[in-house]
>>> print(open('query.txt').read())   # compact mmCIF, C-alpha atoms
# COMPACT_ATOMS: atom_id res chain seq x y z
CA MET A 209 0.00 0.00 0.00
CA ILE A 210 2.86 2.41 0.82
CA GLU A 211 6.37 2.36 -0.62
CA VAL A 212 8.93 4.74 0.86
CA ARG A 213 11.81 5.20 -1.59
CA ASP A 214 15.16 6.59 -0.49
CA LEU A 215 13.58 9.36 1.59
CA VAL A 216 15.78 12.26 2.72
CA LYS A 217 14.90 15.34 4.76
CA MET A 218 17.38 18.15 5.38
CA TYR A 219 16.95 21.14 7.65
CA GLY A 220 19.89 23.29 6.63
CA ASP A 221 22.95 21.17 7.36
CA PHE A 222 21.01 18.80 9.64
CA GLN A 223 19.87 15.51 8.09
CA ALA A 224 16.71 14.42 9.91
CA VAL A 225 15.98 11.46 7.61
CA ASP A 226 18.81 9.69 5.80
CA HIS A 227 17.90 7.65 2.67
CA LEU A 228 15.09 5.69 4.32
CA SER A 229 13.30 2.97 2.34
CA PHE A 230 10.58 0.52 3.42
CA THR A 231 7.11 -0.73 2.52
CA LEU A 232 3.80 -1.04 4.34
CA GLU A 233 1.99 -4.06 2.94
CA ALA A 234 -1.77 -4.47 2.60
CA GLY A 235 -3.32 -5.70 5.86
CA GLU A 236 -0.12 -5.19 7.84
CA ILE A 237 0.56 -3.45 11.16
CA LEU A 238 4.08 -2.02 10.94
CA GLY A 239 5.64 -0.70 14.15
CA PHE A 240 7.84 2.36 13.65
CA LEU A 241 10.40 2.82 16.44
CA GLY A 242 13.24 5.14 17.26
CA PRO A 243 14.53 7.31 20.10
CA ASN A 244 13.49 10.95 20.42
CA GLY A 245 14.95 12.91 17.54
CA ALA A 246 15.46 9.84 15.36
CA GLY A 247 13.25 11.19 12.56
CA LYS A 248 10.00 9.26 13.14
CA SER A 249 7.59 12.20 13.15
CA THR A 250 9.44 13.85 10.27
CA THR A 251 9.09 10.63 8.26
CA MET A 252 5.40 10.34 9.09
CA ASN A 253 4.82 13.96 8.10
CA MET A 254 6.46 13.29 4.73
CA ILE A 255 4.50 10.08 4.19
CA THR A 256 1.24 11.93 4.83
CA GLY A 257 2.22 14.94 2.72
CA TYR A 258 2.33 17.44 5.58
CA ILE A 259 5.90 18.36 4.69
CA SER A 260 7.98 17.89 1.54
CA ALA A 261 11.02 15.66 1.13
CA THR A 262 14.47 16.87 0.16
CA GLU A 263 14.99 13.70 -1.87
CA GLY A 264 13.13 10.47 -2.53
CA ASP A 265 9.47 9.64 -2.95
CA VAL A 266 6.49 8.12 -1.17
CA LEU A 267 4.13 6.00 -3.27
CA VAL A 268 0.63 5.36 -1.93
CA ASP A 269 -1.13 2.75 -4.06
CA HIS A 270 1.40 3.66 -6.80
CA LYS A 271 0.58 7.38 -6.56
CA SER A 272 3.34 9.81 -5.60
CA MET A 273 2.65 11.84 -2.47
CA PHE A 274 4.73 14.68 -3.92
CA ASP A 275 3.59 14.60 -7.57
CA GLU A 276 -0.07 13.62 -7.00
CA PRO A 277 -0.74 14.71 -3.39
CA GLU A 278 -4.52 15.08 -3.68
CA GLU A 279 -4.92 11.55 -5.03
CA ALA A 280 -2.38 9.97 -2.66
CA LYS A 281 -3.84 11.61 0.46
CA LYS A 282 -7.24 10.02 -0.18
CA TYR A 283 -5.72 6.67 0.78
CA ILE A 284 -4.38 7.80 4.16
CA GLY A 285 -5.94 8.61 7.53
CA TYR A 286 -3.53 10.35 9.90
CA LEU A 287 -3.56 10.67 13.69
CA PRO A 288 -0.65 12.93 14.73
CA GLU A 289 0.86 12.71 18.21
CA ILE A 290 -1.24 15.74 19.19
CA PRO A 291 -4.75 15.05 17.81
CA PRO A 292 -5.87 17.83 15.41
CA VAL A 293 -9.09 18.58 17.28
CA TYR A 294 -10.74 21.91 18.08
CA PRO A 295 -11.45 22.05 21.84
CA ASP A 296 -14.37 24.46 21.56
CA MET A 297 -16.25 22.33 19.04
CA ARG A 298 -18.62 19.52 19.92
CA VAL A 299 -17.70 16.02 18.75
CA GLU A 300 -20.48 15.84 16.14
CA GLU A 301 -19.74 19.34 14.88
CA TYR A 302 -16.02 18.63 14.57
CA LEU A 303 -16.46 15.33 12.70
CA ASN A 304 -18.92 16.93 10.28
CA PHE A 305 -16.36 19.67 9.68
CA VAL A 306 -13.65 17.09 8.91
CA ALA A 307 -16.02 15.17 6.62
CA GLU A 308 -16.66 18.37 4.68
CA LEU A 309 -12.91 19.07 4.42
CA LYS A 310 -12.35 15.54 3.11
CA GLY A 311 -14.95 16.04 0.40
CA ILE A 312 -17.59 13.66 1.72
CA ALA A 313 -20.85 14.41 -0.11
CA ARG A 314 -23.45 16.21 2.03
CA SER A 315 -25.93 13.38 1.46
CA GLU A 316 -23.40 10.83 2.83
CA ARG A 317 -21.95 12.92 5.63
CA LYS A 318 -24.33 11.94 8.44
CA ALA A 319 -23.94 8.20 7.77
CA GLU A 320 -20.15 8.50 7.59
CA VAL A 321 -19.89 10.45 10.86
CA THR A 322 -22.17 7.90 12.53
CA ARG A 323 -19.99 5.07 11.21
CA VAL A 324 -16.71 6.46 12.60
CA LYS A 325 -18.33 7.33 15.95
CA GLU A 326 -19.52 3.74 16.29
CA LYS A 327 -16.15 2.39 15.15
CA THR A 328 -14.31 4.35 17.86
CA SER A 329 -17.05 3.97 20.54
CA ILE A 330 -17.68 7.70 21.00
CA THR A 331 -21.38 7.82 20.03
CA HIS A 332 -22.38 8.72 23.59
CA MET A 333 -19.98 11.69 23.47
CA THR A 334 -21.61 13.22 20.38
CA HIS A 335 -22.82 16.46 21.96
CA LYS A 336 -19.92 17.07 24.35
CA LEU A 337 -17.37 19.81 23.85
CA ILE A 338 -14.03 18.26 22.97
CA LYS A 339 -12.27 20.28 25.70
CA HIS A 340 -14.40 18.47 28.29
CA LEU A 341 -13.35 15.01 27.11
CA SER A 342 -10.71 12.89 28.83
CA LYS A 343 -7.37 12.34 27.11
CA GLY A 344 -8.50 8.87 26.04
CA TYR A 345 -11.67 10.14 24.40
CA ARG A 346 -9.82 13.00 22.67
CA GLN A 347 -7.54 10.34 21.18
CA ARG A 348 -10.63 8.44 20.01
CA VAL A 349 -12.05 11.58 18.41
CA GLY A 350 -8.69 12.10 16.70
CA LEU A 351 -8.80 8.54 15.44
CA ALA A 352 -12.40 8.99 14.28
CA GLN A 353 -11.36 11.94 12.08
CA ALA A 354 -8.59 9.78 10.58
CA LEU A 355 -11.19 7.13 9.68
CA ILE A 356 -13.53 9.49 7.84
CA GLY A 357 -13.63 8.47 4.20
CA ASN A 358 -12.57 4.93 5.15
CA PRO A 359 -8.96 5.24 3.93
CA PRO A 360 -7.18 1.89 3.47
CA VAL A 361 -4.07 3.14 5.32
CA LEU A 362 -3.86 4.56 8.85
CA ILE A 363 -0.79 6.42 10.14
CA LEU A 364 -0.85 6.61 13.95
CA ASP A 365 1.82 8.67 15.70
CA GLU A 366 2.04 7.75 19.40
CA PRO A 367 -1.70 6.90 19.70
CA THR A 368 -1.35 5.81 23.35
CA VAL A 369 0.81 8.70 24.63
CA GLY A 370 -0.55 10.15 27.86
CA LEU A 371 -3.17 7.43 28.32
CA ASP A 372 -3.62 5.50 31.55
CA PRO A 373 -3.15 1.68 31.55
CA GLY A 374 -6.86 1.01 31.02
CA GLN A 375 -7.05 3.45 28.12
CA ILE A 376 -3.91 1.93 26.57
CA ILE A 377 -5.56 -1.51 26.57
CA GLU A 378 -8.70 -0.04 25.00
CA MET A 379 -6.67 1.69 22.27
CA ARG A 380 -4.67 -1.49 21.61
CA ASN A 381 -7.88 -3.49 21.19
CA LEU A 382 -9.25 -0.81 18.88
CA ILE A 383 -6.11 -0.91 16.71
CA HIS A 384 -6.39 -4.71 16.54
CA GLU A 385 -9.96 -4.35 15.32
CA LEU A 386 -9.07 -1.68 12.76
CA SER A 387 -6.26 -3.85 11.36
CA LYS A 388 -8.91 -6.18 9.90
CA GLU A 389 -9.80 -3.47 7.37
CA HIS A 390 -6.78 -1.15 7.25
CA SER A 391 -3.01 -1.26 6.83
CA ILE A 392 -1.50 0.52 9.85
CA LEU A 393 1.80 2.27 10.45
CA ILE A 394 2.12 2.93 14.17
CA SER A 395 4.78 4.83 16.09
CA SER A 396 5.00 4.13 19.82
CA HIS A 397 7.39 4.31 22.76
CA ILE A 398 5.59 1.40 24.43
CA LEU A 399 7.66 -1.43 22.98
CA PHE A 400 5.69 -4.16 24.74
CA GLU A 401 2.62 -3.01 22.82
CA VAL A 402 4.52 -2.94 19.52
CA GLN A 403 5.93 -6.41 20.13
CA ASN A 404 2.44 -7.79 20.70
CA ILE A 405 0.41 -6.12 17.96
CA CYS A 406 2.77 -5.53 15.02
CA ASN A 407 3.51 -7.92 12.15
CA ARG A 408 6.85 -6.22 11.48
CA VAL A 409 8.97 -3.60 13.22
CA LEU A 410 11.11 -0.87 11.68
CA ILE A 411 13.72 0.69 13.97
CA ILE A 412 15.51 3.88 12.96
CA ASN A 413 18.28 5.90 14.59
CA HIS A 414 19.68 9.23 13.41
CA GLY A 415 17.27 9.01 10.47
CA LYS A 416 18.63 5.66 9.25
CA GLN A 417 17.15 2.17 9.32
CA VAL A 418 18.89 -0.11 11.81
CA ALA A 419 16.45 -3.06 11.78
CA LEU A 420 13.39 -4.21 9.83
CA ASP A 421 11.79 -7.60 10.40
CA THR A 422 9.17 -9.39 12.47
CA PRO A 423 9.52 -8.88 16.25
CA GLU A 424 10.35 -12.57 16.60
CA ASN A 425 13.14 -12.46 14.01
CA ILE A 426 14.62 -9.28 15.46
CA ILE A 427 14.77 -10.90 18.90
CA ARG A 428 16.14 -14.17 17.47
CA ASN A 429 18.75 -12.61 15.19
CA LEU A 430 19.84 -9.64 17.28
CA GLY A 431 19.03 -10.80 20.79
CA GLY A 432 22.44 -12.31 21.45
CA THR A 433 22.72 -14.22 24.72
CA ALA A 434 19.78 -14.89 27.03
CA THR A 435 20.05 -16.04 30.64
CA TYR A 436 18.72 -19.11 32.41
CA ALA A 437 19.14 -18.95 36.19
CA ILE A 438 18.99 -22.14 38.26
CA THR A 439 19.23 -23.00 41.92
CA CYS A 440 20.40 -26.55 42.61
CA ARG A 441 22.03 -28.80 45.21
CA GLY A 442 25.44 -30.23 44.31
CA GLU A 443 29.20 -29.71 43.99
CA LYS A 444 30.37 -26.60 42.14
CA GLU A 445 32.67 -28.27 39.63
CA GLN A 446 30.23 -31.07 38.90
CA VAL A 447 27.39 -28.58 38.33
CA LYS A 448 29.52 -26.54 35.92
CA LYS A 449 30.60 -29.68 34.06
CA VAL A 450 27.00 -30.83 33.62
CA ILE A 451 25.87 -27.42 32.38
CA LEU A 452 28.72 -27.11 29.88
CA SER A 453 27.79 -30.50 28.43
CA VAL A 454 24.47 -29.09 27.21
CA SER A 455 24.39 -27.88 23.59
CA GLY A 456 23.64 -24.19 23.13
CA VAL A 457 25.24 -23.07 26.39
CA GLU A 458 27.64 -20.16 25.77
CA HIS A 459 28.87 -19.34 29.26
CA VAL A 460 28.32 -20.25 32.91
CA SER A 461 28.76 -17.96 35.89
CA GLU A 462 30.74 -19.11 38.91
CA PRO A 463 28.21 -20.91 41.15
CA GLU A 464 27.43 -19.03 44.35
CA GLU A 465 26.55 -20.93 47.51
CA ASN A 466 23.64 -19.75 49.66
CA ASP A 467 22.11 -21.80 52.50
CA GLY A 468 23.54 -25.03 51.10
CA LEU A 469 22.25 -24.36 47.56
CA LEU A 470 24.13 -23.30 44.46
CA GLN A 471 22.92 -20.43 42.30
CA VAL A 472 24.27 -20.18 38.76
CA ASP A 473 23.47 -18.17 35.63
CA ILE A 474 23.66 -19.88 32.24
CA GLY A 475 24.12 -17.85 29.08
CA TYR A 476 22.67 -19.25 25.85
CA GLN A 477 21.74 -18.02 22.39
CA THR A 478 18.38 -16.21 22.25
CA GLY A 479 15.86 -18.23 20.26
CA THR A 480 17.14 -21.63 21.44
CA ASP A 481 15.68 -23.69 24.29
CA ILE A 482 18.09 -25.54 26.55
CA ARG A 483 15.64 -26.40 29.32
CA GLU A 484 14.76 -29.97 28.38
CA GLU A 485 18.32 -31.10 27.69
CA LEU A 486 19.51 -29.33 30.85
CA PHE A 487 16.83 -31.06 32.95
CA PHE A 488 17.79 -34.52 31.73
CA ALA A 489 21.52 -33.79 32.15
CA PHE A 490 20.97 -32.79 35.79
CA ALA A 491 18.69 -35.79 36.37
CA LYS A 492 21.30 -38.18 34.94
CA ALA A 493 23.95 -36.66 37.22
CA GLY A 494 21.63 -36.95 40.23
CA ILE A 495 21.68 -33.19 40.87
CA PRO A 496 18.29 -31.81 41.97
CA ILE A 497 17.13 -28.48 40.52
CA VAL A 498 15.27 -26.51 43.18
CA GLU A 499 14.35 -23.45 41.12
CA SER A 500 14.80 -22.17 37.57
CA LYS A 501 13.79 -19.12 35.53
CA THR A 502 14.46 -17.79 32.04
CA ARG A 503 15.06 -14.25 30.85
CA GLU A 504 15.40 -13.74 27.10
CA LYS A 505 16.06 -10.29 25.70
CA SER A 506 12.94 -8.36 24.81
CA LEU A 507 12.36 -6.04 21.88
CA GLU A 508 12.98 -3.20 24.32
CA ASP A 509 16.42 -4.57 25.25
CA ILE A 510 17.37 -4.85 21.57
CA PHE A 511 15.97 -1.40 20.77
CA ILE A 512 18.15 0.16 23.48
CA SER A 513 21.19 -1.75 22.22
CA LEU A 514 20.64 -0.83 18.56
CA THR A 515 20.02 2.85 19.16
CA LYS A 516 23.19 3.17 21.25
CA GLU A 517 25.42 1.66 18.58
CA ASP A 518 27.54 3.73 16.22
CA ASP A 519 26.66 1.55 13.24
CA HIS A 520 23.35 3.07 12.16
CA ALA A 521 23.01 1.13 8.94
CA ARG A 522 22.52 -2.35 10.33
CA ASN A 523 19.81 -4.41 8.62
CA LEU A 524 18.48 -7.92 9.07
>>> encode(input="query.txt", output="structure tokens")
Amino acid sequence: MIEVRDLVKMYGDFQAVDHLSFTLEAGEILGFLGPNGAGKSTTMNMITGYISATEGDVLVDHKSMFDEPEEAKKYIGYLPEIPPVYPDMRVEEYLNFVAELKGIARSERKAEVTRVKEKTSITHMTHKLIKHLSKGYRQRVGLAQALIGNPPVLILDEPTVGLDPGQIIEMRNLIHELSKEHSILISSHILFEVQNICNRVLIINHGKQVALDTPENIIRNLGGTATYAITCRGEKEQVKKVILSVSGVEHVSEPEENDGLLQVDIGYQTGTDIREELFFAFAKAGIPIVESKTREKSLEDIFISLTKEDDHARNL
């Protein structure tokens, strides 16, 4: 649905976006991640035609956002980080205003406004002034305006920012529901949410792509070493020998004794599972495992690692 081709944005001598290329496929939720100042909002503003590019192009259903902006924009609904709502307007009044701006025929306007209100569960807020709505409902009104005209693509910039935990869950469920009918590009600082709702994840730093793949593949390929911590009863050297006999183990910490039990951390490659082989190895050696727990690197761990590196052109 969207193809970003070698996009560049310069502000004087500062390069905010550096030759960025990616696609948003039909029916996909693509997570767009990067630290503050990485160029996410600038990229989204170029994709939606709010600002021009210095170089490159954005194709929306094969239409150039810069050469055919009126046609390309019809395919996109945009929710900026700060929803473009008018506080002194009532919800119904505002949505009718947006429908008029988007060229919805007068005869179809009422039905379209009703549809987006139902879609975003704000029907009961119809006659309220927007300034009297909670942050969560203002976000919903902002999303409702993006849905007017039923564009096939939604661009959502930090749709859960400032929401409480309950509102975040509601917004996540709403995005899941919308993904059945729309392709979605979503920027968020809540990496747990991105990991759970996105088909693919694009990470940028200093305007450049540093990773693009499914969350699972990013964790598997870039996660490095995960840790498996066990508490057992046995002799230090024997415990280490048993652990090192298990395939996939990369390093073992020096066992620490506490109340007659040994505590040891086992490093292994993220994406592998050593638990079953480790259990049988300990059982064969007659060493009882009292407690065990696993900690693999999360998308958040990898994001922090990637955006601290000097190599900003790393791709999967």
>>> residues_around(input="query.txt", residues="range 447-456 of chain A", least_positions_apart="2", cutoff="7 Å", atoms="only C-alpha atoms", output="PyMOL selection string")
chain A and resi 442-445+458+476-477+482+485-486+489-490
>>> atom_distance(input="query.txt", atom1="CA of Glu316 in chain A", atom2="CA of Gly285 in chain A")
18.2 Å
>>> closest_atom_pairs(input="query.txt", of="range 418-438 of chain A", to="range 461-470 of chain A", cutoff="12 Å", atoms="all atoms listed in the file", output="Markdown table")
| residue | atom | partner | partner_atom | distance |
| --- | --- | --- | --- | --- |
| A:Thr435 | CA | A:Ser461 | CA | 10.3 |
| A:Tyr436 | CA | A:Ser461 | CA | 10.7 |
| A:Ala437 | CA | A:Ser461 | CA | 9.7 |
| A:Ile438 | CA | A:Leu470 | CA | 8.1 |
>>> atom_distance(input="query.txt", atom1="CA of Thr231 in chain A", atom2="CA of Pro292 in chain A")
26.1 Å
>>> closest_residue(input="query.txt", among="A:Asn244, A:His414, A:Asn304, A:Leu393", to="Phe222 in chain A", atoms="only C-alpha atoms")
A:His414
>>> residues_around(input="query.txt", residues="Glu236 in chain A", least_positions_apart="2", cutoff="8 Å", atoms="all atoms listed in the file", output="PyMOL selection string")
chain A and resi 232-234+238+387+390-392+406-408
>>> closest_residue(input="query.txt", among="A:Pro496, A:Pro360, A:Gly344, A:Pro277", to="Gly374 in chain A", atoms="only C-alpha atoms")
A:Gly344
>>> closest_atom_pairs(input="query.txt", of="range 406-518 of chain A", to="range 211-217 of chain A", cutoff="12 Å", atoms="all atoms listed in the file", output="Markdown table")
| residue | atom | partner | partner_atom | distance |
| --- | --- | --- | --- | --- |
| A:His414 | CA | A:Lys217 | CA | 11.6 |
| A:Gly415 | CA | A:Val216 | CA | 8.5 |
| A:Lys416 | CA | A:Val216 | CA | 9.7 |
| A:Gln417 | CA | A:Asp214 | CA | 10.9 |
>>> closest_residue(input="query.txt", among="A:Glu320, A:Asp269, A:Glu278, A:Asp473", to="Gly257 in chain A", atoms="all atoms listed in the file")
A:Glu278
>>> atom_distance(input="query.txt", atom1="CA of Lys271 in chain A", atom2="CA of Ala419 in chain A")
26.4 Å
>>> closest_residue(input="query.txt", among="A:Leu382, A:Val460, A:Ala261, A:Leu514", to="Asp226 in chain A", atoms="all atoms listed in the file")
A:Ala261
>>> residues_around(input="query.txt", residues="Arg346 in chain A", least_positions_apart="4", cutoff="8 Å", atoms="all atoms listed in the file", output="NGL selection string")
:A and (291 or 293 or 338 or 341-342 or 350)
>>> residues_near_point(input="query.txt", point="(-14.3, 16.1, 17.9)", cutoff="8 Å", atoms="all atoms listed in the file", output="list in words")
Val293, Tyr294, Pro295, Met297, Arg298, Val299, Glu300, Glu301, Tyr302, Leu303, Leu337, Ile338, Arg346, Val349, Gly350 and Gln353 of chain A
>>> closest_residue(input="query.txt", among="A:Gly370, A:Pro243, A:Pro288, A:Gly264", to="Phe230 in chain A", atoms="all atoms listed in the file")
A:Gly264
>>> decode(input="query.txt", residues="range 309-320 of chain A", atoms="all heavy atoms", output="CSV table (one decimal), in the first residue's frame")
chain,number,residue,atom,x,y,z
A,309,LEU,N,-14.3,18.8,4.9
A,309,LEU,CA,-12.9,19.1,4.4
A,309,LEU,C,-12.4,17.9,3.5
A,309,LEU,O,-11.7,18.2,2.6
A,309,LEU,CB,-11.9,19.3,5.6
A,309,LEU,CG,-12.0,20.5,6.4
A,309,LEU,CD1,-11.0,20.5,7.5
A,309,LEU,CD2,-11.8,21.8,5.5
A,310,LYS,N,-12.8,16.7,3.9
A,310,LYS,CA,-12.3,15.5,3.1
A,310,LYS,C,-13.2,15.3,1.9
A,310,LYS,O,-13.0,14.3,1.1
A,310,LYS,CB,-12.3,14.3,4.0
A,310,LYS,CG,-11.2,14.3,5.0
A,310,LYS,CD,-11.1,13.0,5.7
A,310,LYS,CE,-9.9,12.9,6.7
A,310,LYS,NZ,-9.7,11.6,7.3
A,311,GLY,N,-14.2,16.2,1.6
A,311,GLY,CA,-15.0,16.0,0.4
A,311,GLY,C,-16.0,15.0,0.4
A,311,GLY,O,-16.5,14.5,-0.6
A,312,ILE,N,-16.5,14.6,1.6
A,312,ILE,CA,-17.6,13.7,1.7
A,312,ILE,C,-18.9,14.4,1.3
A,312,ILE,O,-19.2,15.5,1.8
A,312,ILE,CB,-17.7,13.1,3.2
A,312,ILE,CG1,-16.4,12.5,3.6
A,312,ILE,CG2,-18.9,12.1,3.2
A,312,ILE,CD1,-15.9,11.3,2.8
A,313,ALA,N,-19.6,13.8,0.4
A,313,ALA,CA,-20.8,14.4,-0.1
A,313,ALA,C,-21.8,14.7,1.0
A,313,ALA,O,-21.9,13.9,2.0
A,313,ALA,CB,-21.5,13.5,-1.1
A,314,ARG,N,-22.5,15.8,1.0
A,314,ARG,CA,-23.4,16.2,2.0
A,314,ARG,C,-24.5,15.1,2.3
A,314,ARG,O,-24.8,14.8,3.5
A,314,ARG,CB,-24.2,17.5,1.6
A,314,ARG,CG,-25.1,18.0,2.7
A,314,ARG,CD,-25.9,19.3,2.2
A,314,ARG,NE,-24.9,20.4,2.0
A,314,ARG,CZ,-24.6,21.3,2.9
A,314,ARG,NH1,-25.1,21.1,4.1
A,314,ARG,NH2,-23.8,22.2,2.6
A,315,SER,N,-24.9,14.4,1.3
A,315,SER,CA,-25.9,13.4,1.5
A,315,SER,C,-25.4,12.2,2.2
A,315,SER,O,-26.1,11.4,2.7
A,315,SER,CB,-26.5,12.9,0.1
A,315,SER,OG,-25.4,12.4,-0.7
A,316,GLU,N,-24.0,12.0,2.2
A,316,GLU,CA,-23.4,10.8,2.8
A,316,GLU,C,-22.8,11.2,4.2
A,316,GLU,O,-22.3,10.3,4.9
A,316,GLU,CB,-22.3,10.2,1.9
A,316,GLU,CG,-22.9,9.8,0.5
A,316,GLU,CD,-21.8,9.4,-0.4
A,316,GLU,OE1,-20.6,9.5,0.0
A,316,GLU,OE2,-22.1,9.1,-1.6
A,317,ARG,N,-22.7,12.5,4.5
A,317,ARG,CA,-21.9,12.9,5.6
A,317,ARG,C,-22.5,12.4,7.0
A,317,ARG,O,-21.7,11.9,7.8
A,317,ARG,CB,-22.0,14.4,5.7
A,317,ARG,CG,-20.6,15.1,6.1
A,317,ARG,CD,-20.7,16.5,5.9
A,317,ARG,NE,-20.4,16.9,4.5
A,317,ARG,CZ,-20.6,18.0,3.9
A,317,ARG,NH1,-21.1,19.0,4.6
A,317,ARG,NH2,-20.4,18.2,2.6
A,318,LYS,N,-23.8,12.4,7.2
A,318,LYS,CA,-24.3,11.9,8.4
A,318,LYS,C,-24.0,10.5,8.7
A,318,LYS,O,-23.6,10.1,9.8
A,318,LYS,CB,-25.8,12.2,8.5
A,318,LYS,CG,-26.5,11.8,9.8
A,318,LYS,CD,-28.0,12.1,9.8
A,318,LYS,CE,-28.6,11.7,11.1
A,318,LYS,NZ,-30.1,12.0,11.1
A,319,ALA,N,-24.2,9.6,7.6
A,319,ALA,CA,-23.9,8.2,7.8
A,319,ALA,C,-22.5,7.9,8.0
A,319,ALA,O,-22.1,7.1,8.8
A,319,ALA,CB,-24.4,7.5,6.5
A,320,GLU,N,-21.6,8.7,7.4
A,320,GLU,CA,-20.1,8.5,7.6
A,320,GLU,C,-19.7,8.9,9.0
A,320,GLU,O,-18.9,8.2,9.6
A,320,GLU,CB,-19.4,9.3,6.5
A,320,GLU,CG,-17.9,9.2,6.6
A,320,GLU,CD,-17.3,7.8,6.4
A,320,GLU,OE1,-18.1,6.9,6.1
A,320,GLU,OE2,-16.1,7.6,6.6
